[in-house]
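Engineer: File name upload_8.cif; file contents mmCIF, C-alpha atoms and all ligand atoms; full text below.
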data_run
#
loop_
_atom_site.label_atom_id
_atom_site.label_comp_id
_atom_site.auth_asym_id
_atom_site.auth_seq_id
_atom_site.Cartn_x
_atom_site.Cartn_y
_atom_site.Cartn_z
CA MET H 1273 9.80 17.25 24.01
CA THR H 1274 12.15 14.54 23.01
CA LEU H 1275 15.66 15.19 21.74
CA ILE H 1276 15.73 11.96 19.85
CA ARG H 1277 15.05 12.52 16.18
CA ILE H 1278 12.45 10.15 14.87
CA PRO H 1279 13.47 9.13 11.36
CA LYS H 1280 10.83 9.29 8.68
CA SER H 1281 9.68 5.81 7.80
CA TRP H 1282 11.23 6.20 4.31
CA GLU H 1283 14.61 6.60 5.92
CA ILE H 1284 14.32 3.37 7.80
CA PRO H 1285 15.45 0.28 5.90
CA GLU H 1286 12.62 -2.15 5.24
CA THR H 1287 13.83 -4.60 7.87
CA GLU H 1288 13.53 -1.97 10.57
CA THR H 1289 10.01 -0.94 9.69
CA THR H 1290 8.79 -4.29 10.96
CA PRO H 1291 8.48 -3.57 14.66
CA GLU H 1292 6.13 -6.44 15.09
CA ALA H 1293 9.03 -8.76 14.24
CA ILE H 1294 12.47 -7.31 14.62
CA PHE H 1295 11.79 -5.35 17.74
CA LEU H 1296 10.18 -8.22 19.51
CA ASN H 1297 12.85 -10.49 18.32
CA ARG H 1298 15.54 -8.41 19.91
CA ARG H 1299 13.74 -7.49 23.06
CA ARG H 1300 12.51 -10.91 23.97
CA PHE H 1301 15.78 -12.53 23.09
CA ILE H 1302 17.56 -10.10 25.30
CA LYS H 1303 15.17 -10.73 28.15
CA THR H 1304 15.28 -14.47 27.76
CA LEU H 1305 19.00 -14.78 27.35
CA ILE H 1306 19.69 -12.40 30.16
CA GLY H 1307 17.33 -14.49 32.20
CA ALA H 1308 19.42 -17.48 31.25
CA GLY H 1309 22.56 -15.70 32.39
CA ILE H 1310 23.87 -14.77 28.96
CA GLY H 1311 25.07 -11.21 28.41
CA ALA H 1312 23.17 -9.11 25.88
CA THR H 1313 26.38 -7.97 24.18
CA ILE H 1314 27.00 -11.31 22.54
CA LEU H 1315 23.59 -11.53 20.92
CA PRO H 1316 23.35 -11.87 17.18
CA MET H 1317 20.77 -9.11 16.99
CA ASP H 1318 19.42 -9.88 13.58
CA GLY H 1319 20.35 -13.49 13.36
CA CYS H 1320 16.88 -14.73 14.11
CA SER H 1321 14.81 -12.38 12.05
CA ASN H 1322 14.28 -14.72 9.14
CA ALA H 1323 11.33 -16.90 9.80
CA SER H 1324 11.42 -20.43 8.54
CA GLU H 1325 8.43 -19.82 6.35
CA SER H 1326 9.38 -22.46 3.83
CA LYS H 1327 9.00 -25.38 6.22
CA THR H 1328 5.55 -26.15 4.95
CA PRO H 1329 5.36 -27.42 1.40
CA PRO H 1330 3.58 -24.91 -0.82
CA SER H 1331 0.13 -26.03 -1.83
CA ALA H 1332 -2.47 -24.48 -4.06
CA ASN H 1333 -4.08 -21.45 -2.49
CA SER H 1334 -7.63 -22.54 -3.20
CA TYR H 1335 -10.62 -20.37 -2.51
CA SER H 1336 -14.11 -20.04 -3.87
CA ALA H 1337 -15.74 -17.09 -5.60
CA TYR H 1338 -18.77 -15.38 -4.10
CA SER H 1339 -21.57 -15.16 -6.61
CA GLY H 1340 -24.07 -12.31 -6.80
CA LEU H 1341 -22.12 -10.29 -4.30
CA ALA H 1342 -23.79 -7.06 -3.13
CA ILE H 1343 -21.47 -4.08 -3.21
CA ASN H 1344 -22.28 -1.64 -0.43
CA PRO H 1345 -22.57 1.70 -2.29
CA ALA H 1346 -21.42 3.60 0.81
CA PHE H 1347 -18.09 1.77 0.60
CA ALA H 1348 -17.75 1.08 -3.10
CA LYS H 1349 -14.42 2.87 -3.43
CA VAL H 1350 -11.95 5.20 -1.81
CA ASP H 1351 -9.82 7.88 -3.45
CA ARG H 1352 -6.95 5.47 -4.05
CA PRO H 1353 -6.83 2.55 -6.50
CA ILE H 1354 -7.41 -0.96 -5.21
CA THR H 1355 -4.16 -2.72 -4.45
CA ASP H 1356 -3.41 -5.59 -6.81
CA GLN H 1357 -4.12 -8.90 -5.08
CA SER H 1358 -0.89 -10.38 -6.36
CA LEU H 1359 0.82 -7.92 -4.00
CA SER H 1360 -1.50 -7.89 -0.97
CA SER H 1361 -1.67 -11.68 -0.87
CA LYS H 1362 2.13 -11.99 -0.73
CA TYR H 1363 2.96 -9.33 1.84
CA ASN H 1364 1.31 -10.28 5.12
CA ASN H 1365 1.62 -10.24 8.86
CA PHE H 1366 0.61 -13.54 10.42
CA TYR H 1367 3.09 -14.34 13.17
CA GLU H 1368 1.63 -17.77 13.77
CA PHE H 1369 3.30 -18.69 10.47
CA GLY H 1370 6.48 -16.65 10.56
CA GLY H 1371 8.06 -13.35 11.44
CA SER H 1372 8.60 -12.04 7.91
CA LYS H 1373 6.15 -10.68 5.35
CA SER H 1374 6.53 -13.82 3.20
CA ILE H 1375 4.40 -16.26 5.15
CA TRP H 1376 1.82 -16.99 2.48
CA LYS H 1377 3.17 -20.47 1.72
CA ALA H 1378 3.58 -21.45 5.36
CA ALA H 1379 0.03 -20.24 6.09
CA GLN H 1380 -1.37 -22.91 3.76
CA ALA H 1381 -0.96 -25.30 6.72
CA LEU H 1382 -3.89 -23.61 8.46
CA PRO H 1383 -6.78 -26.13 8.64
CA THR H 1384 -9.99 -24.27 7.75
CA GLU H 1385 -12.43 -27.17 7.26
CA ASN H 1386 -15.44 -27.36 9.61
CA TRP H 1387 -14.53 -24.02 11.12
CA GLN H 1388 -16.46 -22.93 14.17
CA VAL H 1389 -16.67 -19.61 15.97
CA GLU H 1390 -17.72 -19.73 19.61
CA VAL H 1391 -19.49 -16.66 20.98
CA SER H 1392 -19.63 -16.56 24.76
CA GLY H 1393 -19.32 -14.40 27.86
CA LEU H 1394 -21.80 -11.69 28.82
CA VAL H 1395 -24.47 -12.42 26.20
CA GLU H 1396 -28.09 -13.58 26.36
CA ASN H 1397 -27.60 -16.06 23.50
CA PRO H 1398 -24.19 -17.74 23.69
CA ARG H 1399 -23.73 -19.95 20.65
CA THR H 1400 -21.31 -21.55 18.26
CA TYR H 1401 -21.61 -20.67 14.60
CA ASP H 1402 -20.12 -22.60 11.77
CA LEU H 1403 -19.06 -20.64 8.73
CA ASP H 1404 -22.19 -21.54 6.79
CA ASP H 1405 -24.41 -20.33 9.64
CA LEU H 1406 -22.64 -16.99 9.60
CA GLN H 1407 -22.87 -16.53 5.86
CA LYS H 1408 -26.53 -17.54 5.72
CA LYS H 1409 -27.55 -15.57 8.72
CA PHE H 1410 -25.85 -12.29 7.89
CA PRO H 1411 -26.09 -10.63 4.47
CA ILE H 1412 -22.68 -10.82 2.84
CA GLU H 1413 -21.49 -7.67 1.10
CA GLU H 1414 -18.37 -6.17 -0.40
CA ARG H 1415 -16.68 -3.04 0.97
CA VAL H 1416 -13.58 -1.28 -0.25
CA TYR H 1417 -11.58 -0.09 2.75
CA ARG H 1418 -8.27 1.56 3.35
CA PHE H 1419 -5.90 -0.57 5.42
CA ARG H 1420 -3.02 0.81 7.47
CA CYS H 1421 -0.47 -1.22 9.41
CA VAL H 1422 1.24 0.39 12.41
CA GLU H 1423 4.50 -0.23 10.53
CA ALA H 1424 3.42 2.47 8.02
CA TRP H 1425 2.60 0.28 5.02
CA ALA H 1426 -0.88 0.69 3.62
CA MET H 1427 -3.18 -0.72 0.97
CA VAL H 1428 -6.74 -0.51 -0.35
CA VAL H 1429 -8.66 -3.78 -0.54
CA PRO H 1430 -12.21 -4.96 -1.25
CA TRP H 1431 -13.28 -7.10 1.69
CA VAL H 1432 -16.27 -9.44 1.65
CA GLY H 1433 -18.19 -10.10 4.86
CA PHE H 1434 -20.72 -8.61 7.24
CA PRO H 1435 -20.82 -5.81 9.80
CA MET H 1436 -19.87 -6.89 13.33
CA LYS H 1437 -22.95 -5.15 14.69
CA LEU H 1438 -25.22 -7.79 13.14
CA LEU H 1439 -23.54 -10.52 15.14
CA VAL H 1440 -23.66 -8.38 18.27
CA LYS H 1441 -27.41 -8.01 17.83
CA ASP H 1442 -27.82 -11.74 17.30
CA VAL H 1443 -26.17 -12.71 20.59
CA GLU H 1444 -27.59 -9.79 22.63
CA PRO H 1445 -24.86 -8.56 24.97
CA LYS H 1446 -25.88 -8.08 28.59
CA SER H 1447 -25.83 -4.56 29.96
CA ASN H 1448 -22.54 -5.13 31.78
CA ALA H 1449 -20.73 -6.21 28.59
CA LYS H 1450 -18.32 -3.38 27.74
CA PHE H 1451 -15.59 -5.07 25.69
CA VAL H 1452 -15.07 -7.91 23.28
CA ARG H 1453 -12.09 -10.21 22.93
CA LEU H 1454 -11.34 -11.89 19.60
CA THR H 1455 -9.15 -14.99 19.70
CA SER H 1456 -7.29 -16.44 16.71
CA PHE H 1457 -6.69 -20.08 15.88
CA TYR H 1458 -3.67 -21.44 17.65
CA ASP H 1459 -2.22 -24.93 17.66
CA PRO H 1460 1.51 -25.11 18.35
CA LYS H 1461 1.74 -28.23 16.18
CA ILE H 1462 0.51 -26.20 13.20
CA THR H 1463 1.15 -22.53 13.89
CA THR H 1464 4.85 -23.10 14.30
CA GLY H 1465 5.59 -19.48 13.45
CA PRO H 1466 9.02 -17.96 13.71
CA GLY H 1467 10.81 -21.02 14.97
CA PHE H 1468 11.64 -21.70 18.57
CA TRP H 1469 11.04 -18.17 19.78
CA SER H 1470 7.37 -18.29 18.84
CA SER H 1471 6.69 -19.77 22.25
CA MET H 1472 7.78 -16.48 23.79
CA TYR H 1473 4.78 -14.67 22.35
CA PRO H 1474 1.62 -14.53 24.47
CA TRP H 1475 -0.28 -16.99 22.26
CA PRO H 1476 -2.98 -17.30 21.17
CA TYR H 1477 -3.24 -14.01 19.28
CA THR H 1478 -6.01 -11.96 20.82
CA GLU H 1479 -7.40 -8.53 20.13
CA GLY H 1480 -10.10 -6.42 21.71
CA LEU H 1481 -12.55 -3.61 21.12
CA ARG H 1482 -15.03 -1.59 23.11
CA ILE H 1483 -18.62 -2.60 22.33
CA GLU H 1484 -19.33 0.89 20.87
CA GLU H 1485 -16.43 0.36 18.48
CA MET H 1486 -17.66 -3.09 17.54
CA THR H 1487 -21.16 -1.79 16.79
CA ASN H 1488 -19.88 1.09 14.68
CA ASP H 1489 -20.99 0.76 11.04
CA LEU H 1490 -17.44 0.23 9.81
CA ALA H 1491 -16.37 -2.67 12.04
CA PHE H 1492 -16.46 -5.75 9.84
CA PHE H 1493 -15.97 -9.50 9.91
CA ALA H 1494 -14.39 -10.46 6.60
CA THR H 1495 -14.89 -13.92 5.13
CA GLY H 1496 -13.51 -12.92 1.74
CA ILE H 1497 -11.47 -10.46 -0.27
CA TYR H 1498 -11.42 -9.58 -4.01
CA GLY H 1499 -14.74 -11.36 -4.52
CA HIS H 1500 -13.62 -14.75 -3.21
CA SER H 1501 -13.14 -16.48 0.13
CA LEU H 1502 -10.14 -15.38 2.18
CA PRO H 1503 -6.79 -16.86 1.29
CA LYS H 1504 -5.27 -18.45 4.39
CA GLN H 1505 -2.53 -15.84 4.67
CA HIS H 1506 -5.21 -13.13 5.04
CA GLY H 1507 -6.78 -14.97 8.00
CA ALA H 1508 -9.20 -17.51 6.52
CA PRO H 1509 -11.95 -18.27 7.02
CA ILE H 1510 -12.97 -15.22 9.08
CA ARG H 1511 -11.00 -12.23 10.37
CA ALA H 1512 -11.70 -8.81 11.83
CA VAL H 1513 -11.30 -5.58 9.83
CA ILE H 1514 -11.42 -2.31 11.76
CA PRO H 1515 -10.35 0.19 9.11
CA TRP H 1516 -9.80 3.24 11.32
CA LYS H 1517 -7.36 1.35 13.55
CA TYR H 1518 -3.90 -0.04 12.89
CA GLY H 1519 -3.93 -3.42 11.18
CA PHE H 1520 -2.89 -5.40 14.26
CA LYS H 1521 -6.37 -4.86 15.76
CA GLY H 1522 -7.81 -7.09 13.02
CA ALA H 1523 -7.34 -10.58 14.45
CA LYS H 1524 -7.16 -13.31 11.80
CA SER H 1525 -8.69 -16.79 11.71
CA ILE H 1526 -11.06 -16.10 14.59
CA VAL H 1527 -12.26 -19.03 16.70
CA LYS H 1528 -13.69 -17.23 19.71
CA ILE H 1529 -15.59 -14.00 20.41
CA GLU H 1530 -16.11 -13.18 24.09
CA PHE H 1531 -18.10 -10.34 25.62
CA LEU H 1532 -16.47 -9.02 28.77
CA GLU H 1533 -16.87 -6.40 31.43
CA LYS H 1534 -13.20 -5.42 31.61
CA GLN H 1535 -10.73 -4.46 28.91
CA PRO H 1536 -8.97 -7.68 27.89
CA ALA H 1537 -5.23 -8.17 27.66
CA THR H 1538 -4.27 -8.38 23.99
CA PHE H 1539 -1.34 -9.84 22.08
CA TRP H 1540 0.70 -6.77 21.08
CA ASN H 1541 -0.39 -4.70 24.02
CA THR H 1542 0.90 -7.40 26.37
CA ILE H 1543 4.21 -7.46 24.53
CA ASP H 1544 4.64 -3.69 24.72
CA ALA H 1545 1.77 -1.40 25.77
CA HIS H 1546 3.81 1.70 24.93
CA GLU H 1547 4.33 0.69 21.30
CA TYR H 1548 0.92 -0.92 20.74
CA ASP H 1549 -1.80 0.81 22.69
CA PHE H 1550 -5.16 -0.86 23.07
CA GLU H 1551 -7.03 1.85 21.17
CA ALA H 1552 -4.58 1.95 18.24
CA ASN H 1553 -6.47 4.50 16.15
CA VAL H 1554 -4.64 5.62 13.02
CA ASN H 1555 -3.32 9.07 13.86
CA PRO H 1556 -0.73 11.05 11.89
CA ASN H 1557 -0.09 13.29 14.89
CA LYS H 1558 0.80 10.57 17.33
CA PRO H 1559 4.22 9.17 16.45
CA HIS H 1560 5.09 5.60 17.20
CA PRO H 1561 7.86 5.60 19.83
CA ARG H 1562 10.33 4.70 17.09
CA TRP H 1563 9.06 6.51 13.99
CA SER H 1564 6.71 9.16 12.72
CA GLN H 1565 3.18 8.18 11.69
CA ALA H 1566 2.75 11.36 9.61
CA THR H 1567 3.14 9.51 6.31
CA GLU H 1568 2.47 6.02 5.03
CA ARG H 1569 3.74 3.78 2.25
CA MET H 1570 0.88 2.80 -0.04
CA MET H 1571 1.48 -0.53 -1.72
CA GLY H 1572 1.66 -0.13 -5.50
CA ASN H 1573 -1.20 -1.27 -7.67
CA GLY H 1574 0.95 -2.64 -10.44
CA PRO H 1575 2.47 -6.07 -10.86
CA SER H 1576 5.48 -5.35 -8.63
CA PHE H 1577 6.12 -3.84 -5.22
CA THR H 1578 6.40 -0.09 -5.45
CA TRP H 1579 5.62 2.17 -2.54
CA GLU H 1580 3.94 5.53 -2.83
CA LYS H 1581 4.50 7.92 0.04
CA ARG H 1582 1.20 9.45 1.18
CA PRO H 1583 0.09 11.55 4.15
CA THR H 1584 -1.49 9.45 6.89
CA LEU H 1585 -5.15 10.38 7.43
CA LEU H 1586 -6.68 10.82 10.89
CA TYR H 1587 -8.66 7.66 11.67
CA ASN H 1588 -7.34 6.42 8.34
CA GLY H 1589 -9.82 8.69 6.56
CA TYR H 1590 -12.85 7.52 8.57
CA ALA H 1591 -13.22 10.45 11.00
CA GLU H 1592 -16.80 11.14 9.91
CA TYR H 1593 -17.79 7.63 10.97
CA VAL H 1594 -15.85 7.24 14.18
CA GLY H 1595 -14.79 10.70 15.39
CA HIS H 1596 -17.74 10.87 17.81
CA LEU H 1597 -16.41 7.80 19.63
CA TYR H 1598 -13.33 9.75 20.65
CA ASN H 1599 -14.68 13.24 21.39
CA ILE H 1600 -13.21 15.21 18.54
N1 LIG F 1 -3.83 -13.97 14.29
C1 LIG F 1 -3.17 -12.91 13.78
N2 LIG F 1 -3.87 -11.86 13.32
C2 LIG F 1 -3.21 -10.78 12.81
C3 LIG F 1 -1.80 -10.74 12.80
C4 LIG F 1 -1.09 -11.87 13.29
O1 LIG F 1 0.15 -11.93 13.30
N3 LIG F 1 -1.81 -12.94 13.76
N4 LIG F 1 -1.14 -9.62 12.31
C5 LIG F 1 -1.91 -8.35 12.33
C6 LIG F 1 -1.23 -7.28 11.62
S1 LIG F 1 0.08 -6.58 12.41
C7 LIG F 1 -1.67 -6.80 10.42
S2 LIG F 1 -0.97 -5.44 9.70
C8 LIG F 1 -2.74 -7.50 9.67
C9 LIG F 1 -2.24 -7.89 8.29
O2 LIG F 1 -3.29 -8.39 7.50
P1 LIG F 1 -2.99 -8.94 6.03
O3 LIG F 1 -1.77 -9.78 6.10
O4 LIG F 1 -4.20 -9.72 5.66
O5 LIG F 1 -2.80 -7.75 5.16
O6 LIG F 1 -3.21 -8.68 10.35
C10 LIG F 1 -3.31 -8.55 11.74
N5 LIG F 1 -3.93 -9.74 12.31
MO MO F 2 0.50 -4.56 11.35
#
Would you put the structure from the file into structure tokens?
Structural biologist:
Amino acid sequence: MTLIRIPKSWEIPETETTPEAIFLNRRRFIKTLIGAGIGATILPMDGCSNASESKTPPSANSYSAYSGLAINPAFAKVDRPITDQSLSSKYNNFYEFGGSKSIWKAAQALPTENWQVEVSGLVENPRTYDLDDLQKKFPIEERVYRFRCVEAWAMVVPWVGFPMKLLVKDVEPKSNAKFVRLTSFYDPKITTGPGFWSSMYPWPYTEGLRIEEMTNDLAFFATGIYGHSLPKQHGAPIRAVIPWKYGFKGAKSIVKIEFLEKQPATFWNTIDAHEYDFEANVNPNKPHPRWSQATERMMGNGPSFTWEKRPTLLYNGYAEYVGHLYNI
């Protein structure tokens, strides 16, 4: 039992419900400056929380429409309306391009031409796919999924892509492969992120799954959203979507997929394992160390940002698909 009252997320000002920025900001600054012999008391605690997301000139967010897209009837809709793309495409987490939610302009610097994804490690068929290979090889479909960030904001979006299990089958993991590590694009000349302190993060961004999680029906590689290719801020040209886990598990702009025997170190888990556990399943009964996870803020589906308070669902509503993985 803790005596510290955990405020409901609605009671926390918006700036404090961004643990993946503010918290890190403070903690790592404190560590670094203390390391440099500067006392923590003189720190401007919030002074660095605004990312310089306007450094990159805005350019057209160009993407191409998928034609003849198959909608998977099993995932054609959920019981909430689809979030308007004018909202979801302007409220993102992509730390490579800034520490705020408004990184969509800065993310246009991501170079997505001639993209390649290297698959290696404990597999029979290591290989490098280009984006065309992936989209020809695996049937592309649309799925409407709930999405829940660990920070308590949530949305409903129609992803376009293919189930991870098809790729797993294609490369044939060896029997000792137990985990997968997904690595995001990183080039410090381009992914300049939240200014000078970006170098304090354990770049590149990596995430990981158990193989049984990766081969679950729901685990998805998205190459598109809303019927068109992924905008850069959503992790173009290919990102992971694991709808029963907190959003940070879904690495964006993937360049490498490695099959491993041991659980890999991951980005947020390395920063703070207590706040960002490796499993990271959405669970209303397991509070984040700094706030309750019992409710979520669903992004409005109108033209402006409104937030609807909703109860958080166990496994984000996907218990029937994934419950057996966790012995419930
Ligand atoms: N490479 C990379 N992937 C990432 C992140 C990131 O900062 N970098 N943020 C994660 C977090 S915390 C969330 S909530 C989702 C946000 O996805 P969206 O911006 O497309 O909604 O991306 C995840 N994938
Ligand atoms: Mo997140």
Engineer: Which distance in Å separates atom CA of Arg1352 of chain H and atom CA of Ile1497 of chain H, to one decimal?
Structural biologist: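 A separation of 17.0 Å between them.
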Engineer: Counting all atoms listed in the file, figure out which residue out of H:Met1571, H:Ala1552, H:Ala1346, H:Val1429 gets nearest to Gly1499 of chain H.
Structural biologist: H:Val1429
Engineer: Counting only C-alpha atoms and all ligand atoms, what residues are within 7 Å of ligand LIG 1 (chain F), given as a VMD selection string?
Structural biologist: chain H and resid 1292 1360 1363 to 1368 1420 to 1422 1456 to 1457 1477 1505 to 1507 1518 to 1525
Engineer: Please provide the set of residues having any atom within 8 Å of Gly1574 of chain H, restricted to only C-alpha atoms, with same-chain residues fewer than 3 positions apart removed, written as number ranges by chain.
Structural biologist: H: 1355-1356, 1577-1578
Engineer: Quick one: of H:Ser1372, H:Asn1397, H:Ser1334, H:Ser1339, who's nearest to ligand MO 2 (chain F), counting only C-alpha atoms and all ligand atoms?
Structural biologist: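 Checking each candidate against ligand MO 2 (chain F), we get H:Ser1372 as the closest.
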Engineer: Counting all atoms listed in the file, which of H:Arg1511, H:Val1428, H:Tyr1590, H:Lys1377 gets nearest to Asn1573 of chain H?
Structural biologist: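 Going through H:Arg1511, H:Val1428, H:Tyr1590, H:Lys1377 one by one, the smallest distance to Asn1573 of chain H is for H:Val1428.
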Engineer: Please report the interatomic distance between atom CA of Lys1534 of chain H and atom CA of Glu1485 of chain H in Å with one decimal.
Structural biologist: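 We find that atom CA of Lys1534 of chain H and atom CA of Glu1485 of chain H lie 14.7 Å from each other.
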